[in-house]
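Q: Please read through the structure below; I'll follow up with questions.
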Amino acid sequence: MSWHIKTISEVFKELKSEESGLSVASAQERLQEHGKNLLEAKEGRSPVKMLLEQFAQTMILILVGACVLSLFMGKYLEASSIFLIVVLFAILGFVQEYRAEKAIAALRKMAIPSVRVRREGNIIEIPAEELVPGDVVVLEAGNAIPADMRILESASLKVQEAALTGESEPVEKSTEALKSAEVPLGDRVNMAYSGTVVTYGRGSGLVTATGMKTELGKIAGLIQQVQASMTPLQRKLDHLGKALAIAGVLIAIVIMVLGLLRGEELVDMILAAISIAVAIVPEGLPAVVTITLAIGAQRMLRKNALIRKLPAVETLGSVTYICSDKTGTLTENRMKLVYLESIKGNLEVDSNLNSEDNLFRTGLIASMLCNDSMPKRSPGQPLTEFLGDPTEGCLLVAGEKCGINADDIRGIFPRIAEIPFDSVRKRMTTVHKASRDYQGFKCGEVVSFTKGSIDGMIPLCSSVLLDSGVAPIDNENIEKIRKAAEALASKGMRVLGITMKKLDAVPEKVDESFENGLCFVGLAAMIDPPRESVKGSIAIAREAGIHTVMITGDHPLTASAIAASLNMAKHPEVLTGEHLNKMSPDELVEKVRSVSVYARVSPEDKLKIIDALQKNGEIAAMTGDGVNDAPALKKANIGVAMGITGTDVAKEASGMVLLDDNFSTIVAAVKEGRVIFENIVRFVRFSIGGNIAKVLVVLLAPLFDISIALKPLQLLWLNLLTDGFLGLGLGTEPAEADVMKRAPRKPDGQIFELKDVFQVTWVGLLIGSLALINGVCYFKNSMGLDMIWQTMIFSSIGFAQLGQALAVRSSSYSAFSIASNPAMAFIVLLTIVMQVGVIYIPGVNSFFGLVPLSLTDFLVSAAPGLLVFGCIRAVKLFCNSRV
């Protein structure tokens with residue numbers, strides 16, 4: 001229904017309501033019909049579903065298959081061991097995701113607001129969730145709009161719609177019906193929408209839609225239709241898991257065929273196949289990835305970034321584009337007076353706080369008196385907050401910064417008459433009488449001040465204020481004023497004209513005819529200023545190869561000016577929503593490569609932009625706080641919502657919430673994401689290298705008459721010890737010194753580059769060869785009768801991987817540095833103790849099929865650790881690369 005084109009009487013008739021409001025009985029009937037005025041939350045995942053999802057990963061499924069096969073063969077010990085490992089890792093993943101879901105659920109809890117409505121002619125207060133279409137709602141400054149409504153009454157009523165439209169300036173509301181049904185939301189001045197806030201004036205509205213039928217509800221529904229995509233790491237690990245599964249099956253088949261051809265027993269060959277499956281799968285990978293991401297998430301929480309889903313941490317490290325809303329994200333979401341320009345030139349407010357310039361201070365006094373906002377101060381603290389319109393409030397704040405107390409100046413110049421602001425005149429006038437001499441004004445002197453649109457005020461001016469006094473205005477002055485106003489507007493600033501008029505006595509009548517013969521004082525130029533830390537953060541992001549893009553519903557000039565001030569691009573190219581919608585999808589895919597500022601865009605436009613970037617292979621992050629950001633937050637590879645000013649809808653759609661609303665926190669999160677990604681890749685290389693060694697031993701041992709070199713249970717222990725504990729230590733490594741000076745990893749790149757394949761291959765061959773040499777030598781010496789040879793293989797691989805883990809640590813630190821990573825030092829000591837314990841503790845060693853080693857044999861089995869460490873460090877020094 002196009003309520004904005006209907007008259008008030010038509011709306012009342014359509015909704016079967018009246019000015020006195022609904023009856024109590026009618027309201028109850030409508031509540032039953034339309035339901036509560038609430039947004040329907042998308043049903044979250046149940047704990048059971050979260051737990052089951054842990055078992056759906058490819059690598060876990062391989063182990064489940066090995067477990068089932070072991071059961072089928074009657075190998076209950078091996079089957080139960082594999083099953084326990086699978087359950088352990090699944091529980092770890094479940095606990096972390098469940099905690100993340102609970103954290104965001106707590107963040108969403110808010111008190112239910114109350115609203116004042118007129119029912120049966122009486123104004124009563126009810127919970128906002130009980131509103132129904134046809135209710136008459138009373139509105140005043142500070143109220144949140146609880147539902148969509150047609151404005152019935154407007155007394156200078158202004159509504160801040162930034163959360164819905166992206167427009168930072170409050171919109172003045174009127175009651176007249178509009179002519180066109182196609183008017184955008186931001187221009188429907190006779191409507192107020194759920195999720196917006198009254199900033200000034202008072203009025204009333206007739207509820208036209210509640211709950212999911214509101215404009216906010218439509219966006220919430222749009223979010224739920226957007227399908228979440230896999231993160232880059234999830235895709236890469238999925239590919240890796242499938243590749244390992246195929247490799248494991250093929251190698252197991254080869255082992256069985258070769259063994260059967262040599263006359264081996266079928267049962268032994270199936271056991272060998274299970275060993276291959278256990279050896280090739282890095283069981284610790286899902287757990288180490290989960291725990292590493294969780295540790296990163298906890299570190300980020302300490303930096304005010306709440307991670308809603310663990311893979312979002314890694315996604316941040318791969319981001320190539322940050323698409324940011326302007327209002328409240330790049331800017332402070334508050335107006336600030338930047339310049340006061342008089343006929344002799346402009347003065348920057350922050351640089352002239354102690355200025356005694358007469359024209360400057362007269363302009364400040366006029367802007368503070370011709371002003372309806374009220375100071376809201378804490379005792380002994382400078383004024384930073386106010387009640388009323390943001391534009392007027394910033395004038396009060398600027399005056400106080402310059403030493404003019406708002407309460408004092410209003411006491412010296414009490415208001416005795418006024419002409420309120422209206423959207424036709426686009427100005428307001430106040431009349432004052434000085435109670436004492438002050439700043440060139442005499443006690444008892446009557447003066448009026450007018451502020452508003454400069455275009456409408458210049459024709460009303462007959463004079464101009466100079467240092468020497470008042471002088472007649474001429475065409476040169478007028479042209480100078482117009483050019484100054486245009487120059488300020490081109491910088492994206494809102495410009496107001498300020499005038500005054502000294503009177504002989506208190507006027508008998510004050511109306512529009514009074515506004516003539518004015519004296520031009522100056523221009524006030526305001527802007528929603530960028531956050532102080534954002535410029536540096538954008539520069540860091542640029543050095544890291546990340547493009548920052550502004551996407552806003554605000555005016556193109558304002559957006560371009562803010563982008564230029566933040567150095568988002570040397571010459572920011574601006575694309576408006578109007579031009580964007582005229583482009584084909586292919587044209588937009590090409591255009592997004594060069595555009596850094598999008599202005600006057602709708603939620604649907606934001607989705608198109610994100611989609612176009614993703615089609616270019618980019619990893620896109622979307623930051624924002626408003627309802628209008630939510631669909632793009634969901635569609636983006638990672639959505640980043642504001643925790644303080646952000647709406648519940650935006651938080652629900654995001655992967656990360658900034659608890660301090662600070663854009664710079666995103667850069668810290670990107671750094672953390674890169675560190676975590678590098679650590680996970682470091683672990684994967686470490687794990688695959690070790691697993692190649694284990695597969696090599698199992699595969700080649702039959703050539704030396706060893707049918708089963710390592711039992712599945714022994715392989716599970718080695719994988720848990722190395723892939724689990726040592727992998728976790730590698731996952732906590734600190735950042736490389738140049739982590740934010742590198743380009744993002746290629747979004748379509750694999751975890752393994754060619755040099756990585758070479759590195760894990762030669763390391764795997766080295767570890768496998770050293771372990772096999774030890775095992776074969778002891779096997780030949782004992783004629784295969786003493787199981788010491790199997791213990792030697794087991795111990796050699798364990799210590800070799802210990803040396804490997806120390807060697808592949810961060811290149812920025814010593815391999816033996818404790819201070820850089822105390823957790824790694826503790827894990828190394830724990831691993832040594834556990835490895836020694838499983839060999840020498842009676843009962844434990846027999847459970848694993850091991851025998852105690854003599855001191856000499858133990859040192860021989862530990863020697864591969866030193867050799868592997870030395871070889872890897874030598875290669876790192878020679879190649880000067882991270883391996």
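By order in the structure tokens, chains are A, B, ...; within a chain, residues start at 1; ligands start at 1, following the order shown.
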Ala484 (chain A): which residues within 12 Å, counting only C-alpha atoms, same-chain residues fewer than 5 positions away excluded, as a list in words?
A: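 Listing them by chain and then by number gives Tyr339, Leu340, Glu341, Ser342, Ile343, Lys344, Gly345, Asn346, Ile454, Asn477, Ile478, Glu479, Ala489, Ser490, Lys491, Met493, Val495, Leu496, Gly497, Gly522, Leu523, Ala524 and Ala525 of chain A.
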Q: List every residue of region 318-501 of chain A that DSSP, applied to the backbone of this structure, assigns to strand (DSSP E), and report them as an MDAnalysis selection string.
A: chainID A and resid 321:324 336:342 345:348 374:376 385:387 415:422 427:433 446:452 461:466 469:472 494:501
Q: Identify which of the residues A:Leu728, A:Leu337, A:Val138, A:Ile322 lies closest to Pro390 (chain A), counting only C-alpha atoms when measuring atom-to-atom distances.
A: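 That would be A:Leu337, the residue with the smallest distance to Pro390 (chain A).
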Q: Rank A:Leu260, A:Ile458, A:Val776, A:Leu395 by their smallest atom-to-atom distance to Arg482 (chain A), using only C-alpha atoms, and report the top residue only.
A: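 Nearest candidate to Arg482 (chain A) out of A:Leu260, A:Ile458, A:Val776, A:Leu395: A:Ile458.
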Q: Run DSSP on the backbone and give me the residues of region 490-694 of chain A it puts in alpha helix (DSSP H), as an MDAnalysis selection string.
A: chainID A and resid 534:543 556:565 577:580 585:591 603:615 630:635 648:653 663:694
Q: Choose the residue, out of A:Gln801, A:Asn354, A:Ser463, A:Ser596, that has the smallest atom-to-atom separation from Gly517 (chain A); count only C-alpha atoms.
A: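 Ranked by minimum distance to Gly517 (chain A), first place goes to A:Ser463.
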Q: Hey, could you make a per-residue contact list for region 756-783 of chain A against region 865-881 of chain A with 12 Å as the cut-off, showing the nearest pair of atoms and its distance in Å to one decimal, counting only C-alpha atoms, sorted by chain and number, as CSV?
A:
```
residue,atom,partner,partner_atom,distance
A:Asp756,CA,A:Ser881,CA,10.7
A:Phe758,CA,A:Val875,CA,12.0
A:Gln759,CA,A:Ile872,CA,9.1
A:Val760,CA,A:Ile872,CA,10.6
A:Trp762,CA,A:Ile872,CA,9.8
A:Val763,CA,A:Val868,CA,7.7
A:Gly764,CA,A:Val868,CA,9.9
A:Leu765,CA,A:Val868,CA,10.6
A:Leu766,CA,A:Val868,CA,7.3
A:Ile767,CA,A:Val868,CA,6.9
A:Gly768,CA,A:Val868,CA,10.7
A:Ser769,CA,A:Val868,CA,11.0
A:Leu770,CA,A:Leu867,CA,9.0
A:Ala771,CA,A:Gly865,CA,10.2
```
Q: I'd like the interatomic distance between CA of Ile797 (chain A) and CA of Leu261 (chain A), to a tenth of an Å.
A: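 Separating CA of Ile797 (chain A) from CA of Leu261 (chain A) is a distance of 28.8 Å.
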Q: Would you mind listing what lies within 10 Å of region 194-204 of chain A as a PyMOL selection string, with only C-alpha atoms counted and same-chain residues fewer than 2 positions away left out?
A: chain A and resi 116-118+136-165+170-175+192+206-207+209-211+214-217+372-373+387-390+626-627+647+649
